[in-house]
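So this one's upload37.csv, CSV, C-alpha atoms:
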chain,number,residue,atom,x,y,z
A,1,MET,CA,168.5,211.4,25.5
A,2,THR,CA,164.8,210.9,24.7
A,3,THR,CA,163.2,207.5,24.2
A,4,ILE,CA,160.5,206.7,21.7
A,5,ARG,CA,158.4,203.8,22.9
A,6,LEU,CA,156.3,201.8,20.4
A,7,SER,CA,153.0,200.4,21.6
A,8,PRO,CA,151.9,197.7,22.0
A,9,SER,CA,155.3,196.0,21.6
A,10,GLY,CA,157.1,198.1,24.2
A,11,LYS,CA,160.1,198.4,21.8
A,12,GLU,CA,162.1,201.5,22.6
A,13,VAL,CA,164.4,203.6,20.4
A,14,GLU,CA,166.8,206.3,21.5
A,15,ALA,CA,166.3,209.6,19.8
A,16,LYS,CA,169.1,212.1,19.1
A,17,THR,CA,168.6,215.8,20.0
A,18,GLY,CA,166.8,217.7,17.3
A,19,GLU,CA,165.5,214.6,15.4
A,20,THR,CA,161.9,214.2,14.4
A,21,VAL,CA,160.1,211.0,15.5
A,22,LEU,CA,160.1,209.9,11.8
A,23,GLU,CA,163.9,210.4,11.5
A,24,THR,CA,164.5,208.5,14.8
A,25,LEU,CA,162.4,205.5,13.6
A,26,GLU,CA,164.0,205.5,10.2
A,27,ASN,CA,167.5,205.5,11.7
A,28,ALA,CA,166.5,202.6,13.8
A,29,GLY,CA,165.2,200.6,10.8
A,30,TYR,CA,161.4,201.3,11.0
A,31,ALA,CA,159.8,202.2,7.7
A,32,LEU,CA,157.0,204.5,9.0
A,33,PRO,CA,154.8,205.6,6.1
A,34,ASN,CA,155.5,209.1,4.9
A,35,ASN,CA,155.4,211.2,1.8
A,36,CYS,CA,155.9,215.0,1.9
A,37,ARG,CA,158.0,215.1,5.1
A,38,ALA,CA,156.8,218.6,5.6
A,39,GLY,CA,153.5,218.3,7.5
A,40,ALA,CA,151.3,218.7,4.5
A,41,CYS,CA,150.1,215.2,3.5
A,42,GLY,CA,149.2,213.4,6.7
A,43,GLU,CA,150.8,210.1,5.6
A,44,CYS,CA,152.8,209.8,8.9
A,45,LYS,CA,149.9,210.5,11.2
A,46,VAL,CA,150.2,208.5,14.5
A,47,LYS,CA,148.5,208.7,17.9
A,48,VAL,CA,150.7,209.8,20.8
A,49,LEU,CA,149.7,207.8,23.9
A,50,ASN,CA,152.0,209.4,26.5
A,51,GLY,CA,154.5,212.2,26.6
A,52,GLU,CA,154.8,215.8,25.3
A,53,PHE,CA,156.0,216.9,21.9
A,54,ASP,CA,156.4,219.9,19.7
A,55,GLN,CA,154.3,219.4,16.6
A,56,GLY,CA,155.8,222.2,14.6
A,57,MET,CA,154.1,223.9,11.6
A,58,VAL,CA,151.6,221.5,9.9
A,59,LEU,CA,148.6,222.1,7.8
A,60,ASP,CA,145.0,221.6,9.1
A,61,MET,CA,144.2,219.5,6.0
A,62,ALA,CA,146.9,217.1,7.1
A,63,LEU,CA,146.1,217.1,10.8
A,64,SER,CA,142.8,218.5,11.9
A,65,GLN,CA,142.1,220.3,15.2
A,66,GLU,CA,140.0,217.4,16.3
A,67,GLU,CA,142.8,215.0,15.6
A,68,ARG,CA,145.2,217.2,17.5
A,69,ALA,CA,142.8,217.2,20.5
A,70,GLU,CA,142.7,213.4,20.4
A,71,GLY,CA,146.5,213.2,20.6
A,72,TYR,CA,147.4,212.5,17.0
A,73,GLY,CA,150.6,214.0,15.5
A,74,LEU,CA,152.5,214.1,12.2
A,75,MET,CA,155.8,212.2,12.9
A,76,CYS,CA,157.6,214.0,10.1
A,77,MET,CA,157.5,217.2,12.1
A,78,CYS,CA,157.0,215.9,15.7
A,79,LYS,CA,159.9,216.4,18.1
A,80,PRO,CA,159.8,214.9,21.6
A,81,LEU,CA,159.8,217.3,24.6
A,82,SER,CA,159.5,214.7,27.4
A,83,ASP,CA,162.0,212.0,28.3
A,84,THR,CA,159.7,209.3,26.9
A,85,LEU,CA,157.3,209.6,24.0
A,86,GLU,CA,155.0,206.6,23.5
A,87,ILE,CA,153.2,206.2,20.2
A,88,ASP,CA,150.6,203.8,18.9
A,89,TRP,CA,152.4,202.1,16.1
A,90,GLY,CA,153.4,198.6,15.2
A,91,THR,CA,152.2,195.2,16.3
A,92,ASP,CA,152.8,193.1,19.4
A,93,ASP,CA,156.2,191.9,18.0
A,94,ALA,CA,157.2,195.4,16.8
A,95,LYS,CA,156.4,194.6,13.2
A,96,PRO,CA,154.8,197.4,11.1
A,97,LYS,CA,151.0,197.4,10.9
A,98,LEU,CA,149.9,196.0,7.6
A,99,PHE,CA,147.8,198.2,5.3
A,100,PRO,CA,144.3,196.9,4.5
A,101,PRO,CA,144.1,195.5,1.0
A,102,ARG,CA,142.2,197.4,-1.7
A,103,GLU,CA,140.3,195.8,-4.5
A,104,ASN,CA,140.5,196.5,-8.2
A,105,VAL,CA,142.6,199.7,-8.2
A,106,ARG,CA,142.8,200.9,-11.8
A,107,CYS,CA,146.3,201.4,-13.0
A,108,VAL,CA,148.0,202.5,-16.2
A,109,VAL,CA,151.1,200.6,-17.6
A,110,VAL,CA,153.6,203.4,-18.0
A,111,ASP,CA,156.5,201.3,-19.1
A,112,ARG,CA,157.4,197.8,-20.1
A,113,ILE,CA,160.9,196.3,-20.2
A,114,GLU,CA,161.9,192.8,-21.5
A,115,ARG,CA,164.3,191.8,-18.8
A,116,THR,CA,165.0,188.4,-20.4
A,117,PRO,CA,163.2,186.4,-23.1
A,118,ARG,CA,161.0,184.9,-20.4
A,119,ILE,CA,160.7,187.8,-17.9
A,120,ALA,CA,158.7,191.0,-18.7
A,121,GLU,CA,158.8,194.0,-16.3
A,122,VAL,CA,155.7,196.2,-16.2
A,123,ARG,CA,155.6,199.5,-14.3
A,124,LEU,CA,152.1,200.5,-13.1
A,125,ARG,CA,150.8,203.8,-11.8
A,126,PRO,CA,147.4,204.2,-10.2
A,127,ILE,CA,144.9,206.6,-11.7
A,128,GLY,CA,143.7,207.6,-8.2
A,129,GLU,CA,145.0,207.1,-4.7
A,130,PRO,CA,148.2,205.0,-4.6
A,131,ILE,CA,148.3,201.5,-3.0
A,132,ARG,CA,150.2,201.7,0.3
A,133,PHE,CA,152.5,198.7,0.8
A,134,TRP,CA,155.5,197.5,2.7
A,135,PRO,CA,158.6,196.3,0.8
A,136,GLY,CA,158.4,192.6,0.1
A,137,GLN,CA,154.6,192.4,-0.3
A,138,TYR,CA,152.7,191.4,-3.4
A,139,VAL,CA,149.6,192.3,-5.4
A,140,SER,CA,147.1,190.5,-7.5
A,141,LEU,CA,146.9,191.5,-11.2
A,142,THR,CA,144.1,191.1,-13.8
A,143,ASP,CA,142.5,193.0,-16.8
A,144,THR,CA,139.9,195.6,-16.3
A,145,GLN,CA,137.2,193.4,-17.8
A,146,LYS,CA,138.2,190.6,-15.4
A,147,THR,CA,138.3,188.0,-18.1
A,148,VAL,CA,141.8,187.0,-17.0
A,149,THR,CA,142.3,185.0,-13.9
A,150,PRO,CA,143.9,187.2,-11.2
A,151,ARG,CA,147.4,186.1,-10.3
A,152,SER,CA,149.7,187.3,-7.5
A,153,TYR,CA,153.1,188.9,-8.2
A,154,SER,CA,155.6,190.4,-5.8
A,155,ILE,CA,156.3,194.1,-6.0
A,156,ALA,CA,159.9,194.7,-7.1
A,157,ASN,CA,160.4,198.3,-5.9
A,158,ALA,CA,160.3,200.2,-2.6
A,159,PRO,CA,157.3,202.5,-2.1
A,160,ARG,CA,157.4,205.8,-4.1
A,161,PRO,CA,155.5,209.0,-3.7
A,162,ASP,CA,153.9,208.6,-7.1
A,163,GLY,CA,152.6,205.1,-6.2
A,164,GLU,CA,154.5,203.3,-9.0
A,165,ILE,CA,154.4,199.5,-8.7
A,166,VAL,CA,157.0,197.4,-10.6
A,167,LEU,CA,156.1,193.8,-11.4
A,168,GLN,CA,158.4,191.2,-13.0
A,169,ILE,CA,156.4,188.4,-14.6
A,170,THR,CA,157.8,185.1,-16.0
A,171,ARG,CA,156.0,183.6,-19.0
A,172,VAL,CA,154.6,180.2,-18.0
A,173,PRO,CA,153.7,178.0,-20.9
A,174,ASP,CA,150.2,177.2,-19.7
A,175,GLY,CA,149.8,180.3,-17.6
A,176,LYS,CA,146.9,182.4,-19.1
A,177,THR,CA,147.7,185.4,-17.0
A,178,SER,CA,151.4,185.5,-17.7
A,179,ASN,CA,150.8,185.0,-21.4
A,180,TRP,CA,148.3,187.8,-21.4
A,181,VAL,CA,150.9,190.1,-19.8
A,182,HIS,CA,153.6,189.0,-22.3
A,183,ASP,CA,151.4,189.1,-25.4
A,184,GLU,CA,148.9,191.9,-24.8
A,185,VAL,CA,149.9,194.3,-22.0
A,186,LYS,CA,151.8,197.3,-23.4
A,187,PRO,CA,152.5,200.9,-22.2
A,188,GLY,CA,149.2,202.6,-22.0
A,189,SER,CA,147.2,199.5,-21.2
A,190,MET,CA,144.8,199.6,-18.3
A,191,VAL,CA,144.9,196.9,-15.6
A,192,ASN,CA,143.4,196.2,-12.2
A,193,VAL,CA,145.5,195.6,-9.1
A,194,SER,CA,144.4,194.4,-5.7
A,195,GLY,CA,146.4,194.3,-2.5
A,196,PRO,CA,148.8,194.5,-0.9
A,197,TYR,CA,149.1,191.0,0.6
A,198,GLY,CA,151.8,189.0,2.4
A,199,THR,CA,154.1,189.4,5.4
A,200,PHE,CA,157.4,188.9,3.7
A,201,ILE,CA,158.5,192.3,5.0
A,202,GLY,CA,161.7,193.6,6.5
A,203,ASP,CA,162.2,193.0,10.2
A,204,PRO,CA,162.8,196.5,11.9
A,205,SER,CA,164.6,194.8,14.7
A,206,THR,CA,167.4,193.6,12.4
A,207,ASP,CA,170.7,195.1,13.5
A,208,GLY,CA,173.1,192.6,12.0
A,209,PRO,CA,174.2,191.6,8.5
A,210,VAL,CA,171.6,190.6,5.9
A,211,LEU,CA,171.8,187.8,3.3
A,212,CYS,CA,169.3,187.6,0.5
A,213,LEU,CA,168.9,184.5,-1.6
A,214,ALA,CA,166.8,184.6,-4.8
A,215,ALA,CA,166.2,182.5,-7.9
A,216,GLY,CA,164.2,183.6,-11.0
A,217,THR,CA,161.6,186.3,-10.3
A,218,GLY,CA,162.1,185.5,-6.6
A,219,LEU,CA,164.4,188.5,-7.1
A,220,ALA,CA,161.4,190.8,-7.2
A,221,PRO,CA,160.6,191.0,-3.5
A,222,ILE,CA,164.3,190.9,-2.6
A,223,LEU,CA,164.8,194.0,-4.8
A,224,SER,CA,162.0,195.8,-3.0
A,225,LEU,CA,163.4,194.9,0.5
A,226,ALA,CA,167.0,195.8,-0.5
A,227,ASP,CA,165.9,199.0,-2.2
A,228,ALA,CA,164.1,200.2,0.9
A,229,ALA,CA,167.0,199.3,3.2
A,230,LEU,CA,169.6,201.0,1.1
A,231,ARG,CA,167.5,204.1,0.7
A,232,ARG,CA,167.2,204.5,4.4
A,233,GLY,CA,170.9,204.0,4.9
A,234,PHE,CA,171.0,200.6,6.6
A,235,LYS,CA,174.5,200.4,8.0
A,236,GLN,CA,175.0,196.6,8.1
A,237,PRO,CA,176.3,194.5,5.2
A,238,VAL,CA,173.6,193.5,2.7
A,239,HIS,CA,174.6,190.6,0.4
A,240,LEU,CA,172.3,189.4,-2.5
A,241,MET,CA,172.9,186.0,-4.1
A,242,PHE,CA,171.0,185.5,-7.3
A,243,SER,CA,170.8,182.1,-9.0
A,244,ALA,CA,170.3,181.8,-12.7
A,245,ARG,CA,171.0,179.0,-15.2
A,246,THR,CA,173.0,181.1,-17.6
A,247,GLU,CA,174.5,184.6,-17.7
A,248,ASP,CA,171.8,185.9,-20.0
A,249,GLU,CA,169.2,185.1,-17.3
A,250,ILE,CA,170.8,187.5,-14.8
A,251,TYR,CA,168.7,190.6,-15.1
A,252,CYS,CA,168.7,194.0,-13.4
A,253,ARG,CA,172.5,193.9,-13.6
A,254,GLY,CA,172.7,197.7,-14.1
A,255,LEU,CA,170.9,198.3,-10.9
A,256,MET,CA,173.1,195.8,-9.1
A,257,GLU,CA,176.2,197.6,-10.3
A,258,LEU,CA,174.8,200.9,-9.3
A,259,TRP,CA,174.2,199.6,-5.8
A,260,ASN,CA,177.6,198.0,-5.7
A,261,ALA,CA,179.2,201.4,-6.5
A,262,ARG,CA,177.0,203.6,-4.4
A,263,HIS,CA,176.7,201.4,-1.2
A,264,ARG,CA,180.0,200.0,0.1
A,265,ARG,CA,178.2,197.5,2.3
A,266,PHE,CA,176.1,196.1,-0.6
A,267,LYS,CA,177.4,193.1,-2.5
A,268,PHE,CA,175.8,191.3,-5.5
A,269,ILE,CA,176.8,187.7,-5.9
A,270,PRO,CA,175.5,186.1,-9.2
A,271,THR,CA,175.6,182.3,-9.4
A,272,LEU,CA,175.2,180.2,-12.5
A,273,THR,CA,174.1,176.5,-12.6
A,274,ARG,CA,174.5,175.6,-16.3
A,275,GLU,CA,177.7,177.4,-17.3
A,276,GLN,CA,180.8,178.9,-15.8
A,277,LYS,CA,181.8,182.5,-16.2
A,278,GLU,CA,184.7,184.5,-14.8
A,279,GLY,CA,183.7,186.5,-11.8
A,280,MET,CA,180.6,184.5,-11.1
A,281,GLN,CA,179.9,181.7,-8.7
A,282,HIS,CA,179.1,178.3,-10.2
A,283,GLY,CA,176.6,175.9,-8.8
A,284,ARG,CA,173.3,175.8,-6.8
A,285,ILE,CA,173.2,178.3,-4.0
A,286,PRO,CA,172.4,175.6,-1.4
A,287,ASP,CA,175.5,173.7,-2.5
A,288,ILE,CA,178.0,176.6,-2.5
A,289,ILE,CA,176.8,178.8,0.4
A,290,LYS,CA,179.0,176.9,2.8
A,291,ASP,CA,182.0,177.9,0.9
A,292,LEU,CA,181.1,181.6,1.1
A,293,TYR,CA,179.7,181.9,4.7
A,294,SER,CA,181.1,179.9,7.5
A,295,ASP,CA,178.9,181.4,10.2
A,296,LEU,CA,175.4,182.8,9.6
A,297,SER,CA,174.3,182.8,13.2
A,298,LYS,CA,174.1,186.7,13.3
A,299,HIS,CA,172.5,187.1,9.8
A,300,ALA,CA,169.0,187.9,8.9
A,301,ILE,CA,168.1,185.7,6.0
A,302,TYR,CA,165.6,186.4,3.2
A,303,ILE,CA,164.9,183.7,0.7
A,304,ALA,CA,162.5,183.9,-2.4
A,305,GLY,CA,162.0,181.5,-5.3
A,306,SER,CA,160.4,178.2,-6.0
A,307,PRO,CA,159.3,176.1,-2.9
A,308,GLU,CA,162.1,173.6,-3.7
A,309,PHE,CA,164.7,176.4,-3.9
A,310,VAL,CA,163.4,177.9,-0.6
A,311,ASP,CA,163.4,174.6,1.2
A,312,ALA,CA,167.0,173.7,0.1
A,313,CYS,CA,168.2,177.2,1.1
A,314,ILE,CA,166.7,176.9,4.5
A,315,ASP,CA,168.5,173.7,5.1
A,316,ALA,CA,171.8,175.1,3.8
A,317,VAL,CA,171.7,178.3,5.9
A,318,LYS,CA,170.7,176.4,9.1
A,319,ALA,CA,173.7,174.2,8.5
A,320,GLN,CA,175.8,177.3,8.7
A,321,GLY,CA,174.3,178.4,12.0
A,322,ALA,CA,171.3,180.6,10.8
A,323,GLN,CA,168.7,181.0,13.5
A,324,ALA,CA,165.2,179.8,12.6
A,325,GLU,CA,163.5,183.0,13.8
A,326,MET,CA,165.8,185.1,11.6
A,327,ILE,CA,165.0,183.2,8.4
A,328,HIS,CA,162.2,184.8,6.3
A,329,THR,CA,160.9,183.1,3.1
A,330,GLU,CA,158.6,183.6,0.2
A,331,GLY,CA,157.8,180.6,-2.0
A,332,PHE,CA,156.5,181.0,-5.5
A,333,PHE,CA,154.1,178.3,-6.7
A,334,ASP,CA,153.2,177.4,-10.2
A,335,GLN,CA,150.0,178.9,-11.7
A,336,ALA,CA,147.1,176.8,-10.8
A,337,PRO,CA,143.3,177.1,-10.3
A,338,PRO,CA,142.6,180.4,-8.4
A,339,VAL,CA,142.7,180.4,-4.7
A,340,ALA,CA,142.8,183.2,-2.2
A,341,PRO,CA,146.2,184.9,-2.1
A,342,SER,CA,148.4,183.1,0.5
A,343,LYS,CA,150.5,185.1,2.9
A,344,ALA,CA,154.3,184.7,2.8
A,345,GLN,CA,155.6,182.5,5.4
A,346,LEU,CA,157.9,183.5,8.2
A,347,VAL,CA,160.0,180.5,9.2
Can the structure from this file be put into structure tokens for me?
Amino acid sequence: MTTIRLSPSGKEVEAKTGETVLETLENAGYALPNNCRAGACGECKVKVLNGEFDQGMVLDMALSQEERAEGYGLMCMCKPLSDTLEIDWGTDDAKPKLFPPRENVRCVVVDRIERTPRIAEVRLRPIGEPIRFWPGQYVSLTDTQKTVTPRSYSIANAPRPDGEIVLQITRVPDGKTSNWVHDEVKPGSMVNVSGPYGTFIGDPSTDGPVLCLAAGTGLAPILSLADAALRRGFKQPVHLMFSARTEDEIYCRGLMELWNARHRRFKFIPTLTREQKEGMQHGRIPDIIKDLYSDLSKHAIYIAGSPEFVDACIDAVKAQGAQAEMIHTEGFFDQAPPVAPSKAQLV
């Protein structure tokens, strides 16, 4: 058995015979950036600090001879030859390295969906190089003339090769940016995106069940995290509780039903606060969670919504045994005078 060691954290992952380093890390829950998976794009380029490996057939345009001499390799094709292969990847606590934000990336709106009367979903694709992001992060959006105040919105999809970014934006009565999106942004519109920002990202060390709690467009970063986890075959239960006032405010139900049918460990739990419907929970998530989960001591918890919702959910899950270091939160604040984008909190 070969060991892949991550530096500087010292985290170790056991590799199966014949696996590439990329496959080993993905199977262990690490979302190493990649694209072609065939040694042609260079997205998964990482420096090998110690150990021997078979690089396989890769293109010089993806990994130059100079880079090879310096110890770099493409993890999509790299197979360990020594008992231990140490690579320079991740942070001190084994979290992924964040991508540096980019400013004013020009994007085209390729589609727009009215999710509810108050929530518009816009799908953006960059004209040039895609923005690299981790599931759960957010970007800042404005018009190309920069006459609209930039506002931050969570990305609602996992990273894709074509660079598409999905944003779900609630109309706020006095929100100039949200009203611009709802009233003027259409398929074919050009917009500027900056980012990514935030640290509300999946914890690669999670090896237990996951519980996601969301209200309103707090569902967006949760969708991104869940999409990425399900795509890579996360083997633990993933439950997603979504709070809405009425049934018509529950959006993305088709996607939820697809995930329910395709992934036996995934469960979507809609909750309603202002009406009762058969097959749905009734009440505020912080009030009913104790009836659904008696012990959350082994769960990784992800919470996104208004600050009041987040705070109430933190108290509720802690009362059921959730460990503070396993609770991850993203609070959405009302639109206000512009400030530098704040990072998501890790509680």
>> For segment 130-143 of chain A, find every residue with an atom within 7 Å (counting all atoms listed in the file), except residues of its own chain fewer than 3 positions away, and show them as a ChimeraX atom specification.
In response: /A:99,126,146-155,158-159,163,191-201,221-222,224-225,228
> What separation in Å, quoted to one decimal, exists between atom CA of Glu330 of chain A and atom CA of Ile301 of chain A?
Replying inline: 11.3 Å
> What is the distance, in Å and to one decimal place, between atom CA of Met75 of chain A and atom CA of Glu23 of chain A?
Replying inline: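 So the answer is 8.4 Å.
Residue nearest Leu292 of chain A, chosen from A:Gln323, A:Gln65, A:Ser9, A:Thr271 and counting only C-alpha atoms: A:Thr271.
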> Which distance in Å separates atom CA of Gly216 of chain A and atom CA of Gly305 of chain A, to one decimal?
Replying inline: 6.5 Å
Hey, what's within 7 Å of Ser7 of chain A if we count only C-alpha atoms and toss same-chain stuff fewer than 5 positions away? As a PDB file with C-alpha atoms, in the coordinates of the input, please?
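What follows is the written file out-v8.pdb:
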ATOM      1  CA  GLU A  86     155.000 206.600  23.500  1.00  0.00           C
ATOM      2  CA  ILE A  87     153.200 206.200  20.200  1.00  0.00           C
ATOM      3  CA  ASP A  88     150.600 203.800  18.900  1.00  0.00           C
ATOM      4  CA  TRP A  89     152.400 202.100  16.100  1.00  0.00           C
ATOM      5  CA  GLY A  90     153.400 198.600  15.200  1.00  0.00           C
TER       6      GLY A  90
END
> Neighbours of Ala304 of chain A within 6 Å (all atoms listed in the file; same-chain residues fewer than 5 positions away dropped), as a list in words?
Replying inline: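 Final neighbour list, sorted by chain and number: Ala214, Gly218, Thr329, Glu330 and Gly331 of chain A.
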>> Taking 2 positions as the minimum chain separation for residues in the same chain, which residues sit within 10 Å of Asp93 of chain A when counting only C-alpha atoms? Answer as a list in words.
In response: Ser7, Pro8, Ser9, Gly10, Lys11, Gly90, Thr91, Lys95, Pro96, Asp203 and Ser205 of chain A
Export, as a PDB file, keeping the file's coordinate frame, the selected residues with C-alpha atoms.
ATOM      1  CA  SER A   7     153.000 200.400  21.600  1.00  0.00           C
ATOM      2  CA  PRO A   8     151.900 197.700  22.000  1.00  0.00           C
ATOM      3  CA  SER A   9     155.300 196.000  21.600  1.00  0.00           C
ATOM      4  CA  GLY A  10     157.100 198.100  24.200  1.00  0.00           C
ATOM      5  CA  LYS A  11     160.100 198.400  21.800  1.00  0.00           C
ATOM      6  CA  GLY A  90     153.400 198.600  15.200  1.00  0.00           C
ATOM      7  CA  THR A  91     152.200 195.200  16.300  1.00  0.00           C
ATOM      8  CA  LYS A  95     156.400 194.600  13.200  1.00  0.00           C
ATOM      9  CA  PRO A  96     154.800 197.400  11.100  1.00  0.00           C
ATOM     10  CA  ASP A 203     162.200 193.000  10.200  1.00  0.00           C
ATOM     11  CA  SER A 205     164.600 194.800  14.700  1.00  0.00           C
TER      12      SER A 205
END
> What lies within 6 Å of Gly321 of chain A using only C-alpha atoms, ignoring chain neighbours under 6 positions off, as a list in words?
Replying inline: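 So, after excluding close chain neighbours, the residues are Asp295, Leu296 and Ser297 of chain A.
Comparing A:Leu272, A:Val110, A:Met61, A:Val21 by their smallest distance to Cys76 of chain A, the closest is A:Val21 (using only C-alpha atoms).
For the choices A:Asp291, A:Asp183, A:Glu70, A:Glu247, the atom-to-atom distance to Thr273 of chain A is smallest for A:Glu247 when using all atoms listed in the file.
Using all atoms listed in the file, the nearest neighbour of Thr116 of chain A within the list A:Lys97, A:Arg68, A:Arg253, A:Lys235 is A:Arg253.
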